[in-house]
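Here's the structure we're looking at; comments come further down.
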Amino acid sequence: MGYTKLRYYVGGMADWAENGGPIEKIDLETAPGRPKRLNHRQPPLRTPWTKSLDLLAAWSLEQLIGFWLGMILCFGLMYWVAAAGLGSGLKAGNGTVQSDLPGLGTAFYFSFVTALSIGYGDVIPVGALRILAVIEGIAGLLVFGCVISKLVSRRQEELTEEIHQTTFEDRLDRVRTNLHLVFSDLGAVQQLQAEQGARREQISRRLESTVRVFRGELQTVHDLLYRSQLAPDEETLESLLANLVICLQGLLELRAERNTEHSDSVALQSGIRAIGHLAREICGECVPQNYAPALKESMDQIQELARQLV
């Protein structure tokens, strides 16, 4: 067909192939100038030591302390048994620790000193027990380090929980305050609507802003009811539900007094529908947590008002 480079042929690939034009196939994986595919890094091999450390890190503080104390007692028994079986295990001063009851106490004492890496030198291991003492020292440091880490992390978790609790309480205070403001704004819009010469645009804009705030705070209360981990105490919840009831009543009264020729904006209509749908999901039998009968009655009242709204 007279073309040597397909990119200059206006008919495209399909027309070129139908007319018997030659097509050169290129392996995209080995084509020059193509960036090489990056090899995904293989996860590092997990050795028994790594798995053991991960297991220790997963234990609770109580489990770590119990394991640490049990390890010390076990090593102490091994030192004492070595003194009974081998005839020599620990040396205190110029004498050898015997396999009697005082010797058992000395073995436990040496085990604690070794695990804590204190090393007073008043009791020393003899022979093969030196290797056992080194092993205990390493194990004691690892386990005790995990204990200290757990203590620090527990304190950090407590501080984080306090911060979250303070933030949560502040958020609840803002919700209560905003619901009071919503009720006040609804009353102010109602007064503007009753005044002669009040502009419809001004009333609609203010009502739209109030509905937007009301929708956001209603969503917050809705999330609190459906997330048990964020549930406030019943006294606080009772206050929030009472504020929701008076706000819904105020919104219904305002809608009933508005003239039918007033055409609400799309945003205002959407906001009122969203309030109605959210409020209809608040009822005594809908929420997952079981509340007091008085709270359930308030929830059912909110649902009934929502039905009238939508």
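Residues are named by chain letter and number: chains run A, B, ... in the order of the structure tokens, numbers start at 1 in each chain, and ligands are numbered from 1 in the order shown.
Using only C-alpha atoms, the contacts of stretch 170-177 of chain A at a cut-off of 10 Å, with sequence neighbours closer than 2 positions omitted, comprise His164, Gln165, Thr166, Thr167, Phe168, Leu179, His180, Leu181, Val182, Val213, Phe214, Gly216, Glu217, Leu218, Thr220, Val221, Leu224, Pro232, Thr236, Leu237, Ser239, Leu240, Leu241, Ala242, Asn243 and Leu244 of chain A.
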(request) Just the strand (DSSP E or B) stuff from stretch 19-219 of chain A, please, per backbone DSSP, written as an NGL selection string. (result) :A and (90-92 or 95-96 or 123-125)
Restrict the selected residues to C-alpha atoms and save them as a tab-separated table (two decimals), in the first residue's frame.
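Output file again.tsv is given in full below:
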chain	number	residue	atom	x	y	z
A	90	LEU	CA	27.03	-22.53	93.12
A	91	LYS	CA	29.79	-21.17	95.27
A	92	ALA	CA	29.16	-18.66	98.05
A	95	GLY	CA	32.11	-22.67	100.48
A	96	THR	CA	29.87	-24.55	98.10
A	123	VAL	CA	27.39	-16.12	94.80
A	124	ILE	CA	28.96	-17.38	91.59
A	125	PRO	CA	28.24	-20.36	89.29
(message) Which residues are close to A:Val310, i.e. within 7 Å by only C-alpha atoms, leaving aside same-chain residues fewer than 4 positions away? Reply as a PyMOL selection string.
(response) chain A and resi 273+276+306
Using the selection just defined, write its residues with N, CA and C atoms as a CSV table (one decimal), in the first residue's frame.
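Wrote again36.csv, looks like this:
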chain,number,residue,atom,x,y,z
A,273,ARG,N,-35.6,16.5,54.2
A,273,ARG,CA,-35.8,15.0,54.0
A,273,ARG,C,-34.8,14.2,54.7
A,276,GLY,N,-35.6,14.0,58.3
A,276,GLY,CA,-36.7,13.1,58.5
A,276,GLY,C,-36.3,11.6,58.5
A,306,ALA,N,-40.8,12.4,63.1
A,306,ALA,CA,-40.1,12.3,61.8
A,306,ALA,C,-41.1,11.9,60.8
(message) Need the shell around A:Thr210: protein/DNA/RNA residues with any atom at most 10 Å away, counting only C-alpha atoms. Skip same-chain ones fewer than 2 positions apart. Format as a list of chain:residue names?
(response)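 Result of the neighbour search: A:Asn178, A:Leu179, A:Leu181, A:Val182, A:Phe183, A:Ser184, A:Asp185, A:Leu186, A:Val189, A:Ser204, A:Arg205, A:Arg206, A:Leu207, A:Glu208, A:Arg212, A:Val213, A:Phe214, A:Arg215, A:Leu251, A:Leu268, A:Gly271.
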(message) For a quick check of understanding, using only C-alpha atoms, which of A:Cys286, A:Leu309, A:Ile135, A:Cys146 has the smallest distance to A:Tyr226?
(response)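 Between A:Cys286, A:Leu309, A:Ile135, A:Cys146, the residue approaching A:Tyr226 most closely is A:Cys286.
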(request) Find the distance between atom CA of A:Glu62 and atom CA of A:Val147 and write it in Å to one decimal. (result)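 Distance between the two atoms: 8.9 Å.
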(message) Which of stretch 32-252 of chain A end up as helix (DSSP H, G or I) when DSSP is run on this backbone - answer as an NGL selection string?
(response) :A and (48-58 or 61-85 or 101-115 or 129-194 or 200-226 or 228-230 or 234-252)
(message) Excluding A:Glu136 and its own-chain neighbours fewer than 4 positions away, which residues fall within 9 Å of it when counting only C-alpha atoms? Please give them as a list in words.
(response) Met71, Ile72, Phe75, Ser111, Thr114, Ala115, Ile131, Leu132, Gly140 and Leu141 of chain A
(request) Provide the atom CA of A:Ser149 to atom CA of A:Ile65 distance in Å, to one decimal place. (result)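 Taking atom CA of A:Ser149 as the start and atom CA of A:Ile65 as the end point, the length is 12.0 Å.
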(request) Using only C-alpha atoms, pick whichever of A:Thr47, A:Ser270, A:Gln190, A:Gln303 has the shortest atom-to-atom distance to A:Gly250. (result)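 Smallest distance to A:Gly250 is found for A:Gln190.
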(request) May I ask for the distance between atom CA of A:Ala279 and atom CA of A:Gln219, given in Å to one decimal place? (result)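 For atom CA of A:Ala279 relative to atom CA of A:Gln219, the distance reads 8.9 Å.
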(request) Could you check which of A:Ala267, A:Leu129, A:Ala83, A:Ile275 is closest to A:Cys247, using only C-alpha atoms? (result)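 Closest to A:Cys247, using only C-alpha atoms: A:Ile275.
Using only C-alpha atoms, the smallest distance between any of A:Ile138, A:Leu116, A:Leu192, A:Val211 and A:Leu252 comes from A:Val211.
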(message) When you look at A:Ser153 with a cut-off of 12 Å (counting only C-alpha atoms), what residues show up, excluding the ones that are within fewer than 6 positions of it in the same chain? I need them as a ChimeraX atom specification.
(response) /A:57,60-61,146-147,159-160
Keeping only N, CA, C and O atoms, take the residues you just selected and write them out as a PDB file, in the first residue's frame.
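Listing of part_22.pdb after writing:
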ATOM      1  N   ALA A  57       5.740 -10.207  72.934  1.00  0.00           N
ATOM      2  CA  ALA A  57       5.147  -8.879  72.765  1.00  0.00           C
ATOM      3  C   ALA A  57       3.628  -8.927  72.774  1.00  0.00           C
ATOM      4  O   ALA A  57       2.969  -7.945  73.124  1.00  0.00           O
ATOM      5  N   SER A  60      -0.003 -10.156  77.702  1.00  0.00           N
ATOM      6  CA  SER A  60      -0.390  -9.055  78.580  1.00  0.00           C
ATOM      7  C   SER A  60       0.679  -8.835  79.646  1.00  0.00           C
ATOM      8  O   SER A  60       1.597  -9.646  79.814  1.00  0.00           O
ATOM      9  N   LEU A  61       0.539  -7.722  80.372  1.00  0.00           N
ATOM     10  CA  LEU A  61       1.510  -7.405  81.425  1.00  0.00           C
ATOM     11  C   LEU A  61       1.496  -8.475  82.510  1.00  0.00           C
ATOM     12  O   LEU A  61       2.563  -8.883  83.005  1.00  0.00           O
ATOM     13  N   CYS A 146      10.382  -6.429  78.001  1.00  0.00           N
ATOM     14  CA  CYS A 146       8.990  -6.460  77.550  1.00  0.00           C
ATOM     15  C   CYS A 146       8.044  -5.972  78.642  1.00  0.00           C
ATOM     16  O   CYS A 146       7.050  -5.282  78.357  1.00  0.00           O
ATOM     17  N   VAL A 147       8.355  -6.304  79.894  1.00  0.00           N
ATOM     18  CA  VAL A 147       7.521  -5.835  81.010  1.00  0.00           C
ATOM     19  C   VAL A 147       7.557  -4.311  81.098  1.00  0.00           C
ATOM     20  O   VAL A 147       6.520  -3.646  81.235  1.00  0.00           O
ATOM     21  N   LEU A 159      -3.431   7.592  78.953  1.00  0.00           N
ATOM     22  CA  LEU A 159      -3.448   9.012  78.582  1.00  0.00           C
ATOM     23  C   LEU A 159      -4.257   9.244  77.309  1.00  0.00           C
ATOM     24  O   LEU A 159      -5.012  10.218  77.205  1.00  0.00           O
ATOM     25  N   THR A 160      -4.092   8.334  76.337  1.00  0.00           N
ATOM     26  CA  THR A 160      -4.865   8.460  75.096  1.00  0.00           C
ATOM     27  C   THR A 160      -6.354   8.328  75.361  1.00  0.00           C
ATOM     28  O   THR A 160      -7.168   9.061  74.791  1.00  0.00           O
TER      29      THR A 160
END
(message) Here is a test: counting only C-alpha atoms, which residue of A:Leu151, A:Ala133, A:Asp54, A:Cys283 is nearest to A:Leu295?
(response)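 When distances to A:Leu295 are compared using only C-alpha atoms, the smallest one comes from A:Cys283.
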